[in-house]
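Worksheet for the structure shown next.
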Amino acid sequence: MNSSLLLSITTFVYGLAAVLYIIAWIFKKPQPGKTASWILIIGAVCNTAGIFLRWVESYKLGIGHAPLSNMYESLIFFSWTIVILYIVVEHRYKNRVIGAFVSPIAFLAMAYASLPNISDRIQPLIPALKSNWLIAHVVTCFLGYSAFAIAFGISIMYLIKQTDKTEKIRLLSSFPNLEVLDELTQQMVVVGFLFLTGGIITGAVWANSAWGTYWSWDPKETWSLITWFVYATLLHARLMRGWHGKQIAYLSIIGFLAVMFTYFGVNLLPGLHSYAK
Amino acid sequence: MLDIFDMYHSWWFRLLMVALALNIIACSVHRLSTTWNIIFNTHPSYNTARFKKLSGNIEFTDNRSPDELIKIYGSIIAKRFGTQKIDKSGNGYFIFAEKFRWTRLGAYIVHLSIMLLLTGSLIGSLLGFEGYVNIPEGETVNKIRLRNSRQIYPLDFEIRCDDFKISFYDSGTPKEYRSSLTIIENQKPVLKRDIIVNDPLRYRGINIYQSGYGKMSAEKKPVVDIKSKKIVLNITNHRTGMTYTKELLIGEAIALPEGRGRFLIKEFLPSAIFGGQNIGSALIGILTGKGSDPKKVLLPLRFPDFDKMRNGHFVFYTANTDSLLMTSESDMANRYYTGLQVTKDPGVWVVYTGFVMMMIGCFVSFFMSHQQILIEIHQTGGETRVLVAGTANKNKTGMNLRLQKLSRILARQSYKQH
């Protein structure tokens, strides 16, 4: 048993959980939903074990470091944070339909990690990454990303739900009501914003200790700032201008697109974060 | 003129920053007076009707009189909320209490932190600098080149690079770049330290970072050329032990003693390969015996006895390898230079203070709220009715949960006393 195998298994387990969440939602059956919850927890356990095993394996190779150093490892960690955060939300709000919109994101991230163009080899840390800030920076950033991912899933649910003014569409009746979806989006955005802020700050402090400048307008820095501004706009619009519902849902979707560009799109541009490819 | 390719240093981008700063200041000041009055109000008043209309209100009854209850409740509320106010009404009491008024300042803390970030970066750009310098191993510099203006900037001290080392993982990717530096002031070394990436040297407010490296370029070669060096060869007859000493230059041929033919030093290799191994710098000789084909003779400078292995009639032994090595290794571009980033930023602590304030401010504005409660205790018929109402400026759902908890505690307190 090695970490790559364990993480491949995790991918399938997440895929299965996602299918069951969708079945439970479409056919309105409670049993597949409960099974989905348990399978997702099993997936999370595999995912956790996979991350730790990879950590141990890197030490066995003599190049020990936390598995947070390249695209493959970041995708694995991204899925893990999404699933953990979602399990908390499911537990608190007792609604499994959200799972049908969030668990596929975790599955897609894992599936993307297993594509052949993303190397799953454990590589030694390049000198720039050898720092205690690595863990703090990556963990805060990805907790932020995953909260935004869940906010994105819930915003999509909001936009679907609000098309049904007469509340006659059977498929949408099991959705949490609009106020709950709106409130949940806001809460996830708040959590994400706090962590994104932390992520940018830890990154800046790290940059200052590695390169001598806390900010150098590298594409990843610039795009993380753009993302930060989109969500700052959302929070101000909601708290100061009383925006609710559809407008907030759209802003949360735009914010998540910015997150995705910060994460993947920036790799197409040259910059200091090129090792994260 | 628009500096599209360096827009972050362009005038219009700076103007945008100033506009952002003014915007934040204007909005904050505009709202601050209202907030200030709420926070620093020494005589808080409450509107009973407003509290009674709230959605999360909870009501229960108790057998005791309002006068008994007010004593019990008063101490519970005083413990949970700092300030409270008890007013007598027609047939009972009102307890008004509130806490975390100051959390209304959360957003202002965040806005102030952004001002600190902008101020810090301004201080940095006015009083700091960002430059770089390449120092060949063994050499000393006292000035650097600035990154933006490309101007030379003199330092108050000198930096000497004693050594630069690069190490690799087995896979060939770089593992560590290490420069051994000495800071020299008034011709005296004052500080000696190795720096690696992520572990800079700070000296008198100036930060020195490992940022690059390279091999010395060809035009920097020292004047001594190995081609002008005499090579001293000891030629020993393998059987008799008879040794002849000859001197020759690269490219020069000599007649061998005992009439055994000719020997030519063909070339100098900075790194020769033998059996798949790099054995360092070596001389390549060509031995042409009488009536036999020319043979290649390898003379590695680091292994003078190497030629014994060949089992030839003569053993060739380079007698002056030390002097040749010195010439060849400093000669053959084996010397590295280290690339250092040299910065000074007196604004960085202002920026870091901004970072801390921003985290605190975000936390306060997102997760803490100004909470107010009103408890009405009044006599109706033979029993006392208790109404627990409350509100918060944020997270109303959370406030309702807190009210439920509070009323459970108050109600339990009542039963305990029975």
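A note on labels: chains of the structure tokens are A, B, ... as shown, every chain counts residues from 1, and ligands are counted from 1 in their shown order.
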Next on the checklist: Counting only C-alpha atoms, a student should be able to say which residues of chain A come within 6 Å of chain B; what is the right answer, written as a list in words?
Outcome noted: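 Residues of chain A within 6 Å of chain B, counting only C-alpha atoms: Ile126, Pro127, Ala128, Ser209 and Ala210 of chain A.
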Item to check | Within 7 Å of stretch 315-324 of chain B using only C-alpha atoms, minus same-chain residues under 6 positions, as a VMD selection string | outcome: chain B and resid 231 to 238 301 304 to 305 307 to 308
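Relative to atom CA of B:Ile254, atom CA of B:Thr288 is found at 10.6 Å.
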Next on the checklist: If we count only C-alpha atoms and set the cut-off at 8 Å, which residues sit around B:Leu283, ignoring sequence neighbours fewer than 3 positions away in its own chain? Please answer as a PyMOL selection string.
Outcome noted: chain B and resi 265-269+298-301
Item to check | Backbone-only DSSP, strand (DSSP E or B) members of stretch 164-391 of chain B, as a ChimeraX atom specification | outcome: /B:164-168,174-185,188-196,199,201-203,206-215,231-237,243-248,253-255,262-269,273-274,277-278,282-288,295-300,314-318,336-344,371-380,383-391
Checklist entry - What is the distance between atom CA of B:Lys52 and atom CA of B:Ile375, in Å to one decimal? => result 9.9 Å
Item to check | Expected answer as a ChimeraX atom specification: alpha helix (DSSP H) residues in stretch 22-187 of chain A | outcome: /A:22-27,30-60,71-93,97-113,133-161,178-187
Would you kindly return, as an mmCIF file with N, CA and C atoms, in the first residue's frame, each protein, DNA or RNA residue with an atom no farther than 12 Å from any atom of stretch 180-182 of chain B, considering only C-alpha atoms and excluding same-chain residues fewer than 2 positions away?
```
data_model
loop_
_atom_site.group_PDB
_atom_site.id
_atom_site.type_symbol
_atom_site.label_atom_id
_atom_site.label_comp_id
_atom_site.auth_asym_id
_atom_site.auth_seq_id
_atom_site.Cartn_x
_atom_site.Cartn_y
_atom_site.Cartn_z
ATOM 1 N N ILE B 135 28.917 38.888 -6.579
ATOM 2 C CA ILE B 135 30.264 38.920 -6.016
ATOM 3 C C ILE B 135 30.984 37.618 -6.354
ATOM 4 N N PRO B 136 32.101 37.680 -7.109
ATOM 5 C CA PRO B 136 32.874 36.475 -7.365
ATOM 6 C C PRO B 136 33.476 35.976 -6.067
ATOM 7 N N GLU B 137 33.651 34.680 -5.962
ATOM 8 C CA GLU B 137 34.243 34.102 -4.759
ATOM 9 C C GLU B 137 35.585 34.773 -4.489
ATOM 10 N N GLY B 138 35.776 35.119 -3.226
ATOM 11 C CA GLY B 138 37.044 35.722 -2.837
ATOM 12 C C GLY B 138 37.088 37.226 -3.025
ATOM 13 N N GLU B 139 36.061 37.807 -3.643
ATOM 14 C CA GLU B 139 36.120 39.253 -3.887
ATOM 15 C C GLU B 139 35.193 40.018 -2.952
ATOM 16 N N THR B 140 35.426 41.332 -2.905
ATOM 17 C CA THR B 140 34.726 42.200 -1.968
ATOM 18 C C THR B 140 34.060 43.330 -2.744
ATOM 19 N N VAL B 141 32.832 43.676 -2.352
ATOM 20 C CA VAL B 141 32.167 44.818 -2.998
ATOM 21 C C VAL B 141 31.719 45.808 -1.927
ATOM 22 N N ASN B 142 31.563 47.057 -2.327
ATOM 23 C CA ASN B 142 31.008 48.049 -1.407
ATOM 24 C C ASN B 142 29.910 48.864 -2.060
ATOM 25 N N PHE B 157 29.337 49.617 4.173
ATOM 26 C CA PHE B 157 30.250 48.546 4.570
ATOM 27 C C PHE B 157 30.563 47.719 3.334
ATOM 28 N N GLU B 158 31.461 46.767 3.507
ATOM 29 C CA GLU B 158 31.821 45.928 2.374
ATOM 30 C C GLU B 158 31.316 44.503 2.599
ATOM 31 N N ILE B 159 31.001 43.833 1.523
ATOM 32 C CA ILE B 159 30.582 42.434 1.609
ATOM 33 C C ILE B 159 31.614 41.616 0.841
ATOM 34 N N ARG B 160 32.179 40.619 1.505
ATOM 35 C CA ARG B 160 33.094 39.727 0.807
ATOM 36 C C ARG B 160 32.436 38.360 0.687
ATOM 37 N N CYS B 161 32.519 37.782 -0.498
ATOM 38 C CA CYS B 161 32.030 36.419 -0.670
ATOM 39 C C CYS B 161 33.232 35.496 -0.520
ATOM 40 N N ASP B 162 33.265 34.743 0.591
ATOM 41 C CA ASP B 162 34.393 33.838 0.813
ATOM 42 C C ASP B 162 34.244 32.571 -0.008
ATOM 43 N N ASP B 163 32.992 32.151 -0.199
ATOM 44 C CA ASP B 163 32.778 30.879 -0.851
ATOM 45 C C ASP B 163 31.341 30.815 -1.335
ATOM 46 N N PHE B 164 31.143 30.137 -2.445
ATOM 47 C CA PHE B 164 29.776 29.830 -2.861
ATOM 48 C C PHE B 164 29.697 28.358 -3.179
ATOM 49 N N LYS B 165 28.656 27.711 -2.644
ATOM 50 C CA LYS B 165 28.504 26.272 -2.911
ATOM 51 C C LYS B 165 27.087 25.998 -3.369
ATOM 52 N N ILE B 166 26.993 25.145 -4.363
ATOM 53 C CA ILE B 166 25.667 24.687 -4.775
ATOM 54 C C ILE B 166 25.660 23.181 -4.624
ATOM 55 N N TYR B 177 21.686 26.555 -2.187
ATOM 56 C CA TYR B 177 22.661 27.546 -2.625
ATOM 57 C C TYR B 177 23.196 28.200 -1.358
ATOM 58 N N ARG B 178 24.470 28.136 -1.145
ATOM 59 C CA ARG B 178 25.015 28.654 0.103
ATOM 60 C C ARG B 178 26.179 29.593 -0.177
ATOM 61 N N ILE B 184 32.624 43.572 6.142
ATOM 62 C CA ILE B 184 33.863 44.253 6.511
ATOM 63 C C ILE B 184 33.579 45.737 6.711
ATOM 64 N N GLU B 185 33.999 46.239 7.855
ATOM 65 C CA GLU B 185 33.859 47.670 8.112
ATOM 66 C C GLU B 185 35.225 48.220 8.489
ATOM 67 N N GLN B 187 38.045 48.096 6.983
ATOM 68 C CA GLN B 187 39.065 47.078 6.732
ATOM 69 C C GLN B 187 39.059 45.940 7.749
ATOM 70 N N LYS B 188 38.070 45.947 8.665
ATOM 71 C CA LYS B 188 38.048 44.860 9.649
ATOM 72 C C LYS B 188 36.805 43.992 9.449
ATOM 73 N N PRO B 189 36.996 42.685 9.433
ATOM 74 C CA PRO B 189 35.815 41.825 9.330
ATOM 75 C C PRO B 189 34.996 41.923 10.621
ATOM 76 N N VAL B 190 33.693 42.216 10.508
ATOM 77 C CA VAL B 190 32.880 42.364 11.708
ATOM 78 C C VAL B 190 31.853 41.253 11.852
ATOM 79 N N LEU B 191 31.534 40.576 10.760
ATOM 80 C CA LEU B 191 30.510 39.537 10.836
ATOM 81 C C LEU B 191 30.774 38.524 9.744
ATOM 82 N N LYS B 192 30.691 37.257 10.135
ATOM 83 C CA LYS B 192 30.937 36.183 9.180
ATOM 84 C C LYS B 192 29.734 35.248 9.257
ATOM 85 N N ARG B 193 29.090 34.998 8.131
ATOM 86 C CA ARG B 193 27.924 34.117 8.207
ATOM 87 C C ARG B 193 27.616 33.519 6.835
ATOM 88 N N ASP B 194 27.053 32.306 6.873
ATOM 89 C CA ASP B 194 26.571 31.681 5.645
ATOM 90 C C ASP B 194 25.120 32.083 5.438
ATOM 91 N N ILE B 195 24.749 32.367 4.198
ATOM 92 C CA ILE B 195 23.326 32.579 3.937
ATOM 93 C C ILE B 195 22.855 31.559 2.909
ATOM 94 N N ILE B 196 21.598 31.145 3.069
ATOM 95 C CA ILE B 196 20.965 30.299 2.061
ATOM 96 C C ILE B 196 19.629 30.936 1.735
ATOM 97 N N PRO B 200 18.198 34.909 5.233
ATOM 98 C CA PRO B 200 19.042 36.037 4.835
ATOM 99 C C PRO B 200 19.912 36.550 5.988
ATOM 100 N N LEU B 201 20.798 37.459 5.646
ATOM 101 C CA LEU B 201 21.648 38.118 6.630
ATOM 102 C C LEU B 201 21.137 39.549 6.781
ATOM 103 N N ARG B 202 20.945 39.980 8.021
ATOM 104 C CA ARG B 202 20.520 41.362 8.240
ATOM 105 C C ARG B 202 21.647 42.087 8.948
ATOM 106 N N TYR B 203 22.050 43.198 8.378
ATOM 107 C CA TYR B 203 23.125 43.960 8.991
ATOM 108 C C TYR B 203 22.834 45.449 8.851
ATOM 109 N N ILE B 208 20.410 41.010 3.236
ATOM 110 C CA ILE B 208 21.167 40.424 2.138
ATOM 111 C C ILE B 208 20.647 39.016 1.906
ATOM 112 N N TYR B 209 20.116 38.792 0.711
ATOM 113 C CA TYR B 209 19.464 37.529 0.399
ATOM 114 C C TYR B 209 20.216 36.784 -0.683
ATOM 115 N N GLN B 210 20.227 35.454 -0.550
ATOM 116 C CA GLN B 210 20.749 34.617 -1.617
ATOM 117 C C GLN B 210 19.717 34.615 -2.738
ATOM 118 N N TYR B 337 30.304 33.035 -8.948
ATOM 119 C CA TYR B 337 29.953 34.277 -8.271
ATOM 120 C C TYR B 337 28.600 34.063 -7.625
ATOM 121 N N THR B 338 28.349 34.746 -6.523
ATOM 122 C CA THR B 338 27.041 34.626 -5.886
ATOM 123 C C THR B 338 26.209 35.849 -6.250
ATOM 124 N N GLY B 339 24.914 35.635 -6.465
ATOM 125 C CA GLY B 339 24.013 36.742 -6.773
ATOM 126 C C GLY B 339 23.228 37.090 -5.530
ATOM 127 N N LEU B 340 23.401 38.305 -5.039
ATOM 128 C CA LEU B 340 22.727 38.695 -3.804
ATOM 129 C C LEU B 340 21.698 39.773 -4.078
#
```
For stretch 253-270 of chain A, please output as a PDB file with all heavy atoms, in the first residue's frame all residues within 7 Å (counting only C-alpha atoms; exclusion window: fewer than 4 positions along the same chain).
```pdb
ATOM      1  N   TYR A 145      -9.600  28.693  -0.038  1.00  0.00           N
ATOM      2  CA  TYR A 145     -10.114  28.220  -1.343  1.00  0.00           C
ATOM      3  C   TYR A 145     -11.296  27.281  -1.147  1.00  0.00           C
ATOM      4  O   TYR A 145     -12.285  27.337  -1.876  1.00  0.00           O
ATOM      5  CB  TYR A 145      -9.024  27.458  -2.108  1.00  0.00           C
ATOM      6  CG  TYR A 145      -7.913  28.295  -2.700  1.00  0.00           C
ATOM      7  CD1 TYR A 145      -7.824  29.665  -2.469  1.00  0.00           C
ATOM      8  CD2 TYR A 145      -6.943  27.700  -3.507  1.00  0.00           C
ATOM      9  CE1 TYR A 145      -6.795  30.399  -3.013  1.00  0.00           C
ATOM     10  CE2 TYR A 145      -5.912  28.432  -4.064  1.00  0.00           C
ATOM     11  CZ  TYR A 145      -5.831  29.784  -3.812  1.00  0.00           C
ATOM     12  OH  TYR A 145      -4.813  30.505  -4.358  1.00  0.00           O
ATOM     13  N   PHE A 148     -14.460  28.968  -0.179  1.00  0.00           N
ATOM     14  CA  PHE A 148     -15.024  29.631  -1.365  1.00  0.00           C
ATOM     15  C   PHE A 148     -15.657  28.611  -2.311  1.00  0.00           C
ATOM     16  O   PHE A 148     -16.667  28.894  -2.960  1.00  0.00           O
ATOM     17  CB  PHE A 148     -13.939  30.421  -2.097  1.00  0.00           C
ATOM     18  CG  PHE A 148     -13.458  31.636  -1.343  1.00  0.00           C
ATOM     19  CD1 PHE A 148     -12.120  31.989  -1.339  1.00  0.00           C
ATOM     20  CD2 PHE A 148     -14.347  32.432  -0.643  1.00  0.00           C
ATOM     21  CE1 PHE A 148     -11.667  33.111  -0.654  1.00  0.00           C
ATOM     22  CE2 PHE A 148     -13.912  33.566   0.055  1.00  0.00           C
ATOM     23  CZ  PHE A 148     -12.564  33.897   0.045  1.00  0.00           C
ATOM     24  N   ALA A 149     -15.048  27.409  -2.390  1.00  0.00           N
ATOM     25  CA  ALA A 149     -15.606  26.369  -3.258  1.00  0.00           C
ATOM     26  C   ALA A 149     -16.996  25.973  -2.765  1.00  0.00           C
ATOM     27  O   ALA A 149     -17.930  25.810  -3.566  1.00  0.00           O
ATOM     28  CB  ALA A 149     -14.688  25.145  -3.286  1.00  0.00           C
ATOM     29  N   PHE A 152     -19.419  28.621  -3.505  1.00  0.00           N
ATOM     30  CA  PHE A 152     -19.746  28.557  -4.926  1.00  0.00           C
ATOM     31  C   PHE A 152     -20.853  27.536  -5.165  1.00  0.00           C
ATOM     32  O   PHE A 152     -21.863  27.834  -5.819  1.00  0.00           O
ATOM     33  CB  PHE A 152     -18.476  28.186  -5.701  1.00  0.00           C
ATOM     34  CG  PHE A 152     -18.690  27.772  -7.123  1.00  0.00           C
ATOM     35  CD1 PHE A 152     -18.930  28.723  -8.106  1.00  0.00           C
ATOM     36  CD2 PHE A 152     -18.622  26.426  -7.485  1.00  0.00           C
ATOM     37  CE1 PHE A 152     -19.105  28.339  -9.427  1.00  0.00           C
ATOM     38  CE2 PHE A 152     -18.800  26.037  -8.799  1.00  0.00           C
ATOM     39  CZ  PHE A 152     -19.045  26.998  -9.778  1.00  0.00           C
ATOM     40  N   SER A 155     -24.071  28.874  -3.877  1.00  0.00           N
ATOM     41  CA  SER A 155     -24.580  29.970  -4.714  1.00  0.00           C
ATOM     42  C   SER A 155     -25.259  29.422  -5.960  1.00  0.00           C
ATOM     43  O   SER A 155     -26.292  29.942  -6.402  1.00  0.00           O
ATOM     44  CB  SER A 155     -23.447  30.897  -5.131  1.00  0.00           C
ATOM     45  OG  SER A 155     -22.853  31.447  -3.992  1.00  0.00           O
ATOM     46  N   PRO A 219       2.306  37.340 -10.661  1.00  0.00           N
ATOM     47  CA  PRO A 219       0.911  37.095 -11.073  1.00  0.00           C
ATOM     48  C   PRO A 219       0.049  36.439 -10.002  1.00  0.00           C
ATOM     49  O   PRO A 219      -1.124  36.791  -9.838  1.00  0.00           O
ATOM     50  CB  PRO A 219       1.060  36.177 -12.281  1.00  0.00           C
ATOM     51  CG  PRO A 219       2.398  36.469 -12.824  1.00  0.00           C
ATOM     52  CD  PRO A 219       3.265  36.872 -11.667  1.00  0.00           C
ATOM     53  N   LYS A 220       0.638  35.493  -9.254  1.00  0.00           N
ATOM     54  CA  LYS A 220      -0.170  34.823  -8.231  1.00  0.00           C
ATOM     55  C   LYS A 220      -0.541  35.813  -7.130  1.00  0.00           C
ATOM     56  O   LYS A 220      -1.669  35.802  -6.637  1.00  0.00           O
ATOM     57  CB  LYS A 220       0.587  33.640  -7.647  1.00  0.00           C
ATOM     58  CG  LYS A 220      -0.336  32.642  -7.002  1.00  0.00           C
ATOM     59  CD  LYS A 220       0.130  31.229  -7.256  1.00  0.00           C
ATOM     60  CE  LYS A 220      -0.927  30.211  -7.010  1.00  0.00           C
ATOM     61  NZ  LYS A 220      -0.956  29.167  -8.024  1.00  0.00           N
ATOM     62  N   TRP A 223      -3.241  38.127  -8.565  1.00  0.00           N
ATOM     63  CA  TRP A 223      -4.559  37.507  -8.690  1.00  0.00           C
ATOM     64  C   TRP A 223      -5.170  37.180  -7.337  1.00  0.00           C
ATOM     65  O   TRP A 223      -6.389  37.221  -7.179  1.00  0.00           O
ATOM     66  CB  TRP A 223      -4.487  36.284  -9.603  1.00  0.00           C
ATOM     67  CG  TRP A 223      -4.709  36.752 -11.003  1.00  0.00           C
ATOM     68  CD1 TRP A 223      -3.751  37.127 -11.906  1.00  0.00           C
ATOM     69  CD2 TRP A 223      -5.974  37.004 -11.627  1.00  0.00           C
ATOM     70  NE1 TRP A 223      -4.342  37.581 -13.053  1.00  0.00           N
ATOM     71  CE2 TRP A 223      -5.703  37.512 -12.917  1.00  0.00           C
ATOM     72  CE3 TRP A 223      -7.308  36.851 -11.238  1.00  0.00           C
ATOM     73  CZ2 TRP A 223      -6.712  37.866 -13.811  1.00  0.00           C
ATOM     74  CZ3 TRP A 223      -8.309  37.197 -12.129  1.00  0.00           C
ATOM     75  CH2 TRP A 223      -8.012  37.700 -13.396  1.00  0.00           C
ATOM     76  N   SER A 224      -4.331  36.872  -6.349  1.00  0.00           N
ATOM     77  CA  SER A 224      -4.910  36.633  -5.025  1.00  0.00           C
ATOM     78  C   SER A 224      -5.489  37.939  -4.490  1.00  0.00           C
ATOM     79  O   SER A 224      -6.515  37.946  -3.814  1.00  0.00           O
ATOM     80  CB  SER A 224      -3.869  36.055  -4.071  1.00  0.00           C
ATOM     81  OG  SER A 224      -2.887  37.016  -3.774  1.00  0.00           O
ATOM     82  N   THR A 227      -8.803  38.461  -6.221  1.00  0.00           N
ATOM     83  CA  THR A 227      -9.791  37.599  -5.558  1.00  0.00           C
ATOM     84  C   THR A 227     -10.244  38.233  -4.242  1.00  0.00           C
ATOM     85  O   THR A 227     -11.436  38.294  -3.941  1.00  0.00           O
ATOM     86  CB  THR A 227      -9.160  36.219  -5.259  1.00  0.00           C
ATOM     87  OG1 THR A 227      -8.591  35.718  -6.468  1.00  0.00           O
ATOM     88  CG2 THR A 227     -10.181  35.249  -4.740  1.00  0.00           C
ATOM     89  N   VAL A 230     -12.649  40.986  -4.880  1.00  0.00           N
ATOM     90  CA  VAL A 230     -13.992  40.537  -5.272  1.00  0.00           C
ATOM     91  C   VAL A 230     -14.802  40.180  -4.021  1.00  0.00           C
ATOM     92  O   VAL A 230     -15.937  40.641  -3.847  1.00  0.00           O
ATOM     93  CB  VAL A 230     -13.925  39.319  -6.229  1.00  0.00           C
ATOM     94  CG1 VAL A 230     -15.324  38.771  -6.489  1.00  0.00           C
ATOM     95  CG2 VAL A 230     -13.255  39.698  -7.534  1.00  0.00           C
ATOM     96  N   TYR A 231     -14.181  39.397  -3.117  1.00  0.00           N
ATOM     97  CA  TYR A 231     -14.919  39.006  -1.920  1.00  0.00           C
ATOM     98  C   TYR A 231     -15.108  40.182  -0.958  1.00  0.00           C
ATOM     99  O   TYR A 231     -16.123  40.259  -0.263  1.00  0.00           O
ATOM    100  CB  TYR A 231     -14.240  37.825  -1.221  1.00  0.00           C
ATOM    101  CG  TYR A 231     -14.460  36.526  -1.958  1.00  0.00           C
ATOM    102  CD1 TYR A 231     -13.430  35.914  -2.658  1.00  0.00           C
ATOM    103  CD2 TYR A 231     -15.718  35.930  -1.998  1.00  0.00           C
ATOM    104  CE1 TYR A 231     -13.641  34.723  -3.352  1.00  0.00           C
ATOM    105  CE2 TYR A 231     -15.942  34.753  -2.694  1.00  0.00           C
ATOM    106  CZ  TYR A 231     -14.897  34.157  -3.363  1.00  0.00           C
ATOM    107  OH  TYR A 231     -15.106  33.001  -4.049  1.00  0.00           O
ATOM    108  N   ALA A 249     -25.098  35.803  -4.752  1.00  0.00           N
ATOM    109  CA  ALA A 249     -24.760  34.522  -5.387  1.00  0.00           C
ATOM    110  C   ALA A 249     -23.865  34.764  -6.607  1.00  0.00           C
ATOM    111  O   ALA A 249     -22.864  34.071  -6.797  1.00  0.00           O
ATOM    112  CB  ALA A 249     -26.025  33.787  -5.789  1.00  0.00           C
ATOM    113  N   SER A 274       6.184  29.484  -9.961  1.00  0.00           N
ATOM    114  CA  SER A 274       6.168  28.515 -11.057  1.00  0.00           C
ATOM    115  C   SER A 274       6.293  27.071 -10.576  1.00  0.00           C
ATOM    116  O   SER A 274       5.897  26.164 -11.266  1.00  0.00           O
ATOM    117  CB  SER A 274       7.291  28.824 -12.030  1.00  0.00           C
ATOM    118  OG  SER A 274       8.494  28.936 -11.316  1.00  0.00           O
ATOM    119  N   LYS A 277       3.234  24.269 -10.384  1.00  0.00           N
ATOM    120  CA  LYS A 277       2.570  23.763 -11.585  1.00  0.00           C
ATOM    121  C   LYS A 277       2.266  22.277 -11.476  1.00  0.00           C
ATOM    122  O   LYS A 277       3.023  21.554 -10.876  1.00  0.00           O
ATOM    123  CB  LYS A 277       3.463  24.001 -12.799  1.00  0.00           C
ATOM    124  CG  LYS A 277       3.296  25.416 -13.293  1.00  0.00           C
ATOM    125  CD  LYS A 277       4.263  25.729 -14.435  1.00  0.00           C
ATOM    126  CE  LYS A 277       4.261  27.229 -14.632  1.00  0.00           C
ATOM    127  NZ  LYS A 277       5.256  27.652 -15.569  1.00  0.00           N
TER     128      LYS A 277
END
```
Next on the checklist: Could you check the closest approach to A:Leu196 for each of A:Val19, A:Ala237, A:Ile105, A:Val139 and tell me which residue wins, using only C-alpha atoms?
Outcome noted: A:Val139
Next on the checklist: Which residues are close to stretch 382-389 of chain B, i.e. within 8 Å by only C-alpha atoms, leaving aside same-chain residues fewer than 2 positions away? Reply as a PyMOL selection string.
Outcome noted: chain B and resi 51-52+54+56-66+373-380+391+403+407
Could you please take those selected residues and save N, CA and C atoms as a short mmCIF file (atom, residue, chain, number, x, y, z; two decimals), in the first residue's frame?
```cif
data_model
loop_
_atom_site.label_atom_id
_atom_site.label_comp_id
_atom_site.auth_asym_id
_atom_site.auth_seq_id
_atom_site.Cartn_x
_atom_site.Cartn_y
_atom_site.Cartn_z
N PHE B 51 -37.53 46.23 21.33
CA PHE B 51 -37.12 44.91 21.80
C PHE B 51 -38.29 43.93 21.78
N LYS B 52 -39.48 44.42 22.13
CA LYS B 52 -40.64 43.53 22.21
C LYS B 52 -41.05 42.99 20.85
N LEU B 54 -38.96 42.02 18.52
CA LEU B 54 -37.94 41.13 17.95
C LEU B 54 -38.44 39.69 17.82
N GLY B 56 -36.81 36.70 18.05
CA GLY B 56 -36.29 35.60 18.87
C GLY B 56 -36.71 35.64 20.33
N ASN B 57 -37.71 36.44 20.64
CA ASN B 57 -38.08 36.62 22.06
C ASN B 57 -38.60 35.35 22.71
N ILE B 58 -38.33 35.23 24.01
CA ILE B 58 -38.73 34.03 24.74
C ILE B 58 -39.46 34.48 26.01
N GLU B 59 -40.54 33.79 26.29
CA GLU B 59 -41.31 34.15 27.49
C GLU B 59 -41.51 32.94 28.38
N PHE B 60 -41.44 33.13 29.68
CA PHE B 60 -41.83 32.06 30.61
C PHE B 60 -42.38 32.69 31.90
N THR B 61 -42.91 31.86 32.77
CA THR B 61 -43.51 32.40 34.00
C THR B 61 -42.83 31.82 35.23
N ASP B 62 -42.99 32.54 36.34
CA ASP B 62 -42.38 32.10 37.60
C ASP B 62 -43.36 32.46 38.72
N ASN B 63 -43.29 31.68 39.83
CA ASN B 63 -44.25 31.92 40.92
C ASN B 63 -43.83 33.05 41.84
N ARG B 64 -42.56 33.38 41.82
CA ARG B 64 -42.09 34.38 42.77
C ARG B 64 -42.37 35.80 42.28
N SER B 65 -42.21 36.71 43.19
CA SER B 65 -42.52 38.10 42.86
C SER B 65 -41.36 38.70 42.06
N PRO B 66 -41.64 39.74 41.29
CA PRO B 66 -40.58 40.43 40.55
C PRO B 66 -39.44 40.87 41.46
N ILE B 373 -29.39 43.01 25.43
CA ILE B 373 -30.57 42.25 25.85
C ILE B 373 -31.46 43.10 26.76
N LEU B 374 -32.71 42.73 26.72
CA LEU B 374 -33.67 43.38 27.61
C LEU B 374 -34.51 42.28 28.25
N ILE B 375 -34.56 42.29 29.59
CA ILE B 375 -35.39 41.31 30.29
C ILE B 375 -36.49 42.07 31.02
N GLU B 376 -37.71 41.68 30.71
CA GLU B 376 -38.83 42.34 31.37
C GLU B 376 -39.42 41.36 32.39
N ILE B 377 -39.56 41.83 33.62
CA ILE B 377 -40.16 41.00 34.67
C ILE B 377 -41.39 41.76 35.15
N HIS B 378 -42.56 41.18 34.95
CA HIS B 378 -43.74 41.92 35.42
C HIS B 378 -44.84 40.99 35.94
N GLN B 379 -45.53 41.52 36.92
CA GLN B 379 -46.59 40.80 37.62
C GLN B 379 -47.86 40.85 36.79
N THR B 380 -48.42 39.65 36.48
CA THR B 380 -49.76 39.62 35.86
C THR B 380 -50.56 38.56 36.59
N THR B 391 -30.83 41.50 20.83
CA THR B 391 -30.44 41.70 19.44
C THR B 391 -28.93 41.92 19.37
N LEU B 403 -29.86 33.71 23.15
CA LEU B 403 -31.02 34.08 23.99
C LEU B 403 -31.70 32.84 24.55
N SER B 407 -32.22 32.07 28.46
CA SER B 407 -33.50 31.89 29.13
C SER B 407 -33.58 30.53 29.82
#
```
